[in-house]
Each structure stands twice: as C-alpha cells, then as structure tokens.
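In what follows, a structure is listed as structure tokens, so that the remarks can point back to it.
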Amino acid sequence: MLFYRFARLVCRIALHLAFHIQIEGLENLPKEGGYILCANHTSYLDPPLLGLHLDRNVHFMAKEELFHNRLFAWLIRKLGAFPVERGKGGEANPALQKAIGIVGEGQALALFPEGTRSKTGKPLRPKSGIVLIAAQTGADIVPAGISIHRPLRFRTRITVRYGKPIPNASLGIAGTFPQELKQASRTVMDAVIGLLDEGIA
C-alpha cells in the first residue's frame, strides 16, 4: 500500500533523526508467508520501531482506547492496526479471529506478549494470545527485542534486534491446553528477553 510505505519512510527519517537507532537481525525475518512478530513493550514508540525497516506491511493489534479518536483511528487503521478490547480472552474474541485471519492469509502480524507497556522497563509476564494464534495458524514466531536506554530523550540509543524464527512445531502446542499455552508463552518471552541489551531485562 502506497500510504503505508510513505508513512513508514517518514517515520524512519524522523526517528533516525531523533534517536540513535541500531537495527540487527533483519535477515531473520521471513520474506513470504504468514508469521507472528513479537517483542517486549516499554514505550509508545515500540510499534513504529518494530516495523521501521521491514520490507513487508505489518499488522498490529492495538488497545481499543486508541480508536476513540476518529482521526487517529483512521490513521492507525491505514497503517495496519486493529483494535482489541483488553480483558476479553478466549477464541471467540473478534480481535483474535482477526489476527488468525491475517496470519492465515500469509501476512505478518506483530504483537506484544506482555499485553501492555512495562512502566519499569522490566519484562512482564507474557499472556497466551500469541501462542494461541500460533496454535490456530501453524505459523512460526519471530522474537524481537527493543532496547531503549533511558531516559528517553534526543539521540537516546535504541537497539531493535530480530531473532531467529521459533518453529511452530518446537512450541509444543498440539492443542489449546492452558499448561501448553503457558509453557509456550514462557518460551517465546524468554527468546525476546534474550535479545535485549545487557542491563535492559
């Protein structure tokens, strides 16, 4: 989409001017087929940082409150975001079904396994949404670590590091049993934490 590519270019220029950003591991991102990209979440900058240098369009699941402003809602929908009402779990959740459809169509989906921003910068306990989508689609998961060296100010050093894909088969999610999902979620979150700069996690 032309608008998406234009907006990504503008964000890329603006963020690289404002911060010292280092990108690593782009070779680990699949060139085709559906996959799930997941990262830690400490800042409102995380979504644009995560998609800044990706060649493919990325869809983001975003909290429902961000869609209350009609103009902003229009903008982020154009950029691939769709709303999720937090606290509504289960496979019947419309946002979850939307996410499953996106991955099933061979597109890239980005999620934050913690479900909300960490105010301390320390990783939070992961939720099971990501591995539930993986279980339903058979997609691999690509972990990513976003390291923002605080305080966040002009020319702060930021590292975005993409890890090697976690094969779906290695997650051990033959079904949707809670214990399987919990263990797989921990596996994914550990991979994310392993990509953070020393002292961030």
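Please note that chains go A, B, ... in the order of the structure tokens, that every chain numbers its residues from 1, and that ligands are numbered from 1 in the order shown.
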| task | Going by DSSP on the backbone, which bits of segment 1-199 of chain A are strand (DSSP E or B)? Write them as a VMD selection string, please. | result | chain A and resid 20 to 24 35 to 39 58 to 63 81 to 84 108 to 111 141 to 148 157 to 162 166
Take the residues from that selection and put them in a file with N, CA and C atoms, as a compact mmCIF listing (two decimals), in the first residue's frame.
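Listing of selection.txt after writing:
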# COMPACT_ATOMS: atom_id res chain seq x y z
N HIS A 20 19.37 7.57 18.21
CA HIS A 20 20.45 6.78 17.62
C HIS A 20 19.96 5.33 17.58
N ILE A 21 19.45 4.90 16.42
CA ILE A 21 18.80 3.59 16.29
C ILE A 21 19.70 2.61 15.55
N GLN A 22 19.84 1.45 16.15
CA GLN A 22 20.60 0.37 15.53
C GLN A 22 19.65 -0.81 15.29
N ILE A 23 19.65 -1.33 14.07
CA ILE A 23 18.78 -2.45 13.69
C ILE A 23 19.64 -3.67 13.42
N GLU A 24 19.28 -4.80 14.03
CA GLU A 24 20.05 -6.03 13.85
C GLU A 24 19.12 -7.21 13.56
N TYR A 35 3.53 -14.98 9.45
CA TYR A 35 4.29 -15.22 10.67
C TYR A 35 3.89 -14.21 11.73
N ILE A 36 4.29 -14.49 12.97
CA ILE A 36 3.96 -13.63 14.10
C ILE A 36 5.24 -13.02 14.64
N LEU A 37 5.30 -11.71 14.67
CA LEU A 37 6.45 -10.99 15.20
C LEU A 37 6.09 -10.51 16.61
N CYS A 38 6.91 -10.83 17.58
CA CYS A 38 6.58 -10.41 18.95
C CYS A 38 7.79 -9.76 19.62
N ALA A 39 7.51 -8.78 20.48
CA ALA A 39 8.58 -8.03 21.13
C ALA A 39 8.14 -7.57 22.51
N VAL A 58 3.07 -4.67 8.05
CA VAL A 58 2.87 -5.38 9.31
C VAL A 58 1.56 -4.93 9.94
N HIS A 59 0.78 -5.87 10.42
CA HIS A 59 -0.48 -5.57 11.11
C HIS A 59 -0.25 -5.63 12.61
N PHE A 60 -0.80 -4.65 13.33
CA PHE A 60 -0.63 -4.58 14.77
C PHE A 60 -1.98 -4.69 15.47
N MET A 61 -2.00 -5.45 16.56
CA MET A 61 -3.16 -5.46 17.44
C MET A 61 -2.94 -4.35 18.46
N ALA A 62 -3.88 -3.40 18.54
CA ALA A 62 -3.71 -2.24 19.41
C ALA A 62 -4.89 -2.12 20.37
N LYS A 63 -4.63 -1.54 21.54
CA LYS A 63 -5.69 -1.43 22.53
C LYS A 63 -6.84 -0.57 22.00
N ALA A 81 -3.27 -1.28 11.88
CA ALA A 81 -3.66 -1.62 13.25
C ALA A 81 -5.14 -1.98 13.31
N PHE A 82 -5.49 -2.82 14.26
CA PHE A 82 -6.89 -3.14 14.52
C PHE A 82 -7.08 -3.28 16.02
N PRO A 83 -8.29 -2.98 16.53
CA PRO A 83 -8.49 -2.89 17.98
C PRO A 83 -8.71 -4.22 18.67
N VAL A 84 -8.25 -4.27 19.92
CA VAL A 84 -8.54 -5.40 20.79
C VAL A 84 -9.00 -4.84 22.12
N ALA A 108 2.06 -10.63 7.80
CA ALA A 108 2.84 -10.50 9.03
C ALA A 108 2.00 -9.81 10.11
N LEU A 109 2.01 -10.38 11.29
CA LEU A 109 1.28 -9.84 12.43
C LEU A 109 2.26 -9.56 13.56
N ALA A 110 2.17 -8.36 14.15
CA ALA A 110 3.05 -8.00 15.27
C ALA A 110 2.23 -7.87 16.55
N LEU A 111 2.74 -8.47 17.62
CA LEU A 111 2.07 -8.44 18.91
C LEU A 111 3.09 -8.26 20.03
N ILE A 141 6.98 -18.07 15.01
CA ILE A 141 7.04 -16.83 15.77
C ILE A 141 8.46 -16.26 15.69
N VAL A 142 8.55 -14.98 15.34
CA VAL A 142 9.86 -14.31 15.29
C VAL A 142 9.97 -13.39 16.50
N PRO A 143 10.89 -13.67 17.42
CA PRO A 143 11.06 -12.80 18.59
C PRO A 143 11.88 -11.56 18.24
N ALA A 144 11.60 -10.49 18.94
CA ALA A 144 12.37 -9.25 18.74
C ALA A 144 12.56 -8.57 20.09
N GLY A 145 13.70 -7.97 20.27
CA GLY A 145 13.98 -7.22 21.49
C GLY A 145 14.19 -5.75 21.18
N ILE A 146 13.46 -4.88 21.88
CA ILE A 146 13.61 -3.43 21.71
C ILE A 146 14.26 -2.88 22.97
N SER A 147 15.50 -2.43 22.85
CA SER A 147 16.25 -1.92 24.00
C SER A 147 16.34 -0.40 23.90
N ILE A 148 15.68 0.29 24.82
CA ILE A 148 15.72 1.75 24.87
C ILE A 148 16.50 2.16 26.11
N ARG A 157 20.08 6.08 22.67
CA ARG A 157 20.45 4.88 21.92
C ARG A 157 19.34 3.83 22.02
N ILE A 158 18.88 3.36 20.87
CA ILE A 158 17.83 2.35 20.79
C ILE A 158 18.32 1.22 19.88
N THR A 159 18.18 -0.01 20.35
CA THR A 159 18.53 -1.17 19.54
C THR A 159 17.30 -2.03 19.31
N VAL A 160 17.03 -2.34 18.05
CA VAL A 160 15.95 -3.26 17.69
C VAL A 160 16.62 -4.49 17.10
N ARG A 161 16.42 -5.62 17.77
CA ARG A 161 17.13 -6.84 17.39
C ARG A 161 16.12 -7.96 17.10
N TYR A 162 16.16 -8.49 15.87
CA TYR A 162 15.26 -9.57 15.46
C TYR A 162 15.97 -10.91 15.59
N ILE A 166 11.12 -18.96 15.76
CA ILE A 166 10.86 -20.12 16.60
C ILE A 166 9.89 -21.01 15.83
Segment 176-191 of chain A surroundings by only C-alpha atoms, 7 Å radius, close-in-sequence under 6 positions cut, as a PDB file with C-alpha atoms, in the first residue's frame:
ATOM      1  CA  PRO A 126       3.503 -12.971  28.972  1.00  0.00           C
ATOM      2  CA  LYS A 127      -0.105 -13.651  28.059  1.00  0.00           C
ATOM      3  CA  SER A 128      -1.126 -16.609  25.904  1.00  0.00           C
ATOM      4  CA  VAL A 131       0.817 -18.809  21.098  1.00  0.00           C
ATOM      5  CA  LEU A 132      -2.944 -19.284  20.765  1.00  0.00           C
ATOM      6  CA  PRO A 143      11.058 -12.798  18.589  1.00  0.00           C
TER       7      PRO A 143
END
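The shortest atom-to-atom distance to Leu75 of chain A, with only C-alpha atoms taken into account, belongs to A:Phe3 out of A:Ser118, A:Phe112, A:Phe3, A:Leu15.
Across the model, the gap from atom CA of Pro113 of chain A to atom CA of Asn168 of chain A is 16.0 Å.
Distances to Arg5 of chain A were evaluated for A:Gly101, A:Gly51, A:Pro151, A:Gly25 using only C-alpha atoms, and the minimum falls at A:Gly51.
For the pair atom CA of Leu52 of chain A and atom CA of Tyr4 of chain A, the separation is 11.0 Å.
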Could you please write out, as a tab-separated table (two decimals) with N, CA and C atoms, in the first residue's frame, every residue of segment 23-135 of chain A that DSSP assigns to alpha helix (DSSP H)?
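The resulting file, part-v6.tsv, is shown below:
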chain	number	residue	atom	x	y	z
A	46	ASP	N	7.35	1.71	20.40
A	46	ASP	CA	7.64	0.32	20.04
A	46	ASP	C	7.01	-0.12	18.70
A	47	PRO	N	5.72	0.15	18.44
A	47	PRO	CA	5.16	-0.29	17.16
A	47	PRO	C	5.89	0.28	15.94
A	48	PRO	N	6.11	1.61	15.86
A	48	PRO	CA	6.85	2.10	14.68
A	48	PRO	C	8.28	1.61	14.65
A	49	LEU	N	8.93	1.46	15.80
A	49	LEU	CA	10.30	0.95	15.82
A	49	LEU	C	10.36	-0.46	15.28
A	50	LEU	N	9.36	-1.27	15.61
A	50	LEU	CA	9.35	-2.67	15.21
A	50	LEU	C	9.18	-2.83	13.70
A	51	GLY	N	8.40	-1.93	13.08
A	51	GLY	CA	8.14	-2.05	11.65
A	51	GLY	C	8.95	-1.12	10.78
A	70	ARG	N	-11.52	9.65	16.17
A	70	ARG	CA	-11.84	9.20	14.82
A	70	ARG	C	-10.70	9.42	13.84
A	71	LEU	N	-10.02	10.58	13.95
A	71	LEU	CA	-8.92	10.87	13.02
A	71	LEU	C	-7.74	9.93	13.26
A	72	PHE	N	-7.39	9.77	14.54
A	72	PHE	CA	-6.27	8.89	14.86
A	72	PHE	C	-6.61	7.43	14.52
A	73	ALA	N	-7.86	7.05	14.75
A	73	ALA	CA	-8.31	5.70	14.42
A	73	ALA	C	-8.17	5.45	12.92
A	74	TRP	N	-8.56	6.44	12.13
A	74	TRP	CA	-8.44	6.32	10.67
A	74	TRP	C	-6.98	6.11	10.27
A	75	LEU	N	-6.09	6.89	10.91
A	75	LEU	CA	-4.67	6.83	10.58
A	75	LEU	C	-4.07	5.46	10.91
A	76	ILE	N	-4.30	4.98	12.13
A	76	ILE	CA	-3.65	3.73	12.51
A	76	ILE	C	-4.27	2.52	11.81
A	77	ARG	N	-5.55	2.64	11.45
A	77	ARG	CA	-6.14	1.56	10.64
A	77	ARG	C	-5.47	1.50	9.27
A	78	LYS	N	-5.17	2.67	8.70
A	78	LYS	CA	-4.47	2.73	7.42
A	78	LYS	C	-3.07	2.11	7.53
A	94	PRO	N	-13.25	-11.28	18.84
A	94	PRO	CA	-13.16	-10.82	17.44
A	94	PRO	C	-11.75	-10.43	17.02
A	95	ALA	N	-11.00	-9.80	17.92
A	95	ALA	CA	-9.63	-9.39	17.59
A	95	ALA	C	-8.75	-10.61	17.36
A	96	LEU	N	-8.97	-11.65	18.16
A	96	LEU	CA	-8.19	-12.87	17.98
A	96	LEU	C	-8.50	-13.52	16.65
A	97	GLN	N	-9.76	-13.54	16.28
A	97	GLN	CA	-10.15	-14.11	14.99
A	97	GLN	C	-9.60	-13.29	13.84
A	98	LYS	N	-9.57	-11.96	14.02
A	98	LYS	CA	-8.98	-11.08	13.01
A	98	LYS	C	-7.49	-11.40	12.84
A	99	ALA	N	-6.80	-11.57	13.96
A	99	ALA	CA	-5.37	-11.87	13.93
A	99	ALA	C	-5.11	-13.21	13.25
A	100	ILE	N	-5.92	-14.21	13.57
A	100	ILE	CA	-5.77	-15.53	12.95
A	100	ILE	C	-5.97	-15.43	11.44
A	101	GLY	N	-6.95	-14.61	11.03
A	101	GLY	CA	-7.20	-14.43	9.61
A	101	GLY	C	-6.04	-13.77	8.89
A	102	ILE	N	-5.42	-12.78	9.52
A	102	ILE	CA	-4.28	-12.07	8.93
A	102	ILE	C	-3.12	-13.03	8.68
A	103	VAL	N	-2.79	-13.80	9.70
A	103	VAL	CA	-1.68	-14.75	9.55
A	103	VAL	C	-2.03	-15.84	8.56
A	104	GLY	N	-3.28	-16.30	8.62
A	104	GLY	CA	-3.73	-17.34	7.70
A	104	GLY	C	-3.69	-16.92	6.24
A	129	GLY	N	-2.04	-15.06	24.22
A	129	GLY	CA	-2.65	-14.73	22.93
A	129	GLY	C	-1.79	-15.10	21.74
A	130	ILE	N	-0.48	-14.82	21.82
A	130	ILE	CA	0.40	-15.06	20.69
A	130	ILE	C	0.48	-16.55	20.36
A	131	VAL	N	0.69	-17.37	21.38
A	131	VAL	CA	0.82	-18.81	21.10
A	131	VAL	C	-0.54	-19.43	20.73
A	132	LEU	N	-1.62	-18.81	21.17
A	132	LEU	CA	-2.94	-19.28	20.76
A	132	LEU	C	-3.14	-19.06	19.27
A	133	ILE	N	-2.70	-17.90	18.78
A	133	ILE	CA	-2.76	-17.61	17.34
A	133	ILE	C	-1.84	-18.56	16.58
A	134	ALA	N	-0.66	-18.81	17.14
A	134	ALA	CA	0.27	-19.75	16.52
A	134	ALA	C	-0.33	-21.15	16.45
A	135	ALA	N	-1.02	-21.55	17.50
A	135	ALA	CA	-1.64	-22.87	17.54
A	135	ALA	C	-2.73	-23.00	16.47
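Going from atom CA of Asp197 of chain A to atom CA of Leu54 of chain A covers 20.8 Å.
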| request: For Ala18 of chain A, work out the shell of residues within 7 Å, counting only C-alpha atoms and skipping chain neighbours fewer than 3 positions away, then give it as an MDAnalysis selection string. | output: chainID A and resid 14:15 154:155
Selection file, C-alpha atoms, as a PDB file, in the first residue's frame:
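So result.pdb came out as:
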ATOM      1  CA  ALA A  14      12.031  11.228  11.812  1.00  0.00           C
ATOM      2  CA  LEU A  15      13.015   8.512  14.298  1.00  0.00           C
ATOM      3  CA  PHE A 154      17.126  13.362  21.928  1.00  0.00           C
ATOM      4  CA  ARG A 155      19.675  10.914  20.453  1.00  0.00           C
TER       5      ARG A 155
END
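If only C-alpha atoms are the atoms counted, then among A:Leu45, A:Leu66, A:Leu79, A:Leu17 the closest residue to Leu2 of chain A is A:Leu79.
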| Which of these, A:Ser170, A:Glu85, A:Asp55, A:Gly163, has the shortest distance to Gly115 of chain A once you count only C-alpha atoms? | A:Glu85
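Of the residues under consideration (A:Phe19, A:Glu32, A:Asn69, A:Gly172), A:Phe19 shows the shortest atom-to-atom contact distance to Arg150 of chain A when counting only C-alpha atoms.
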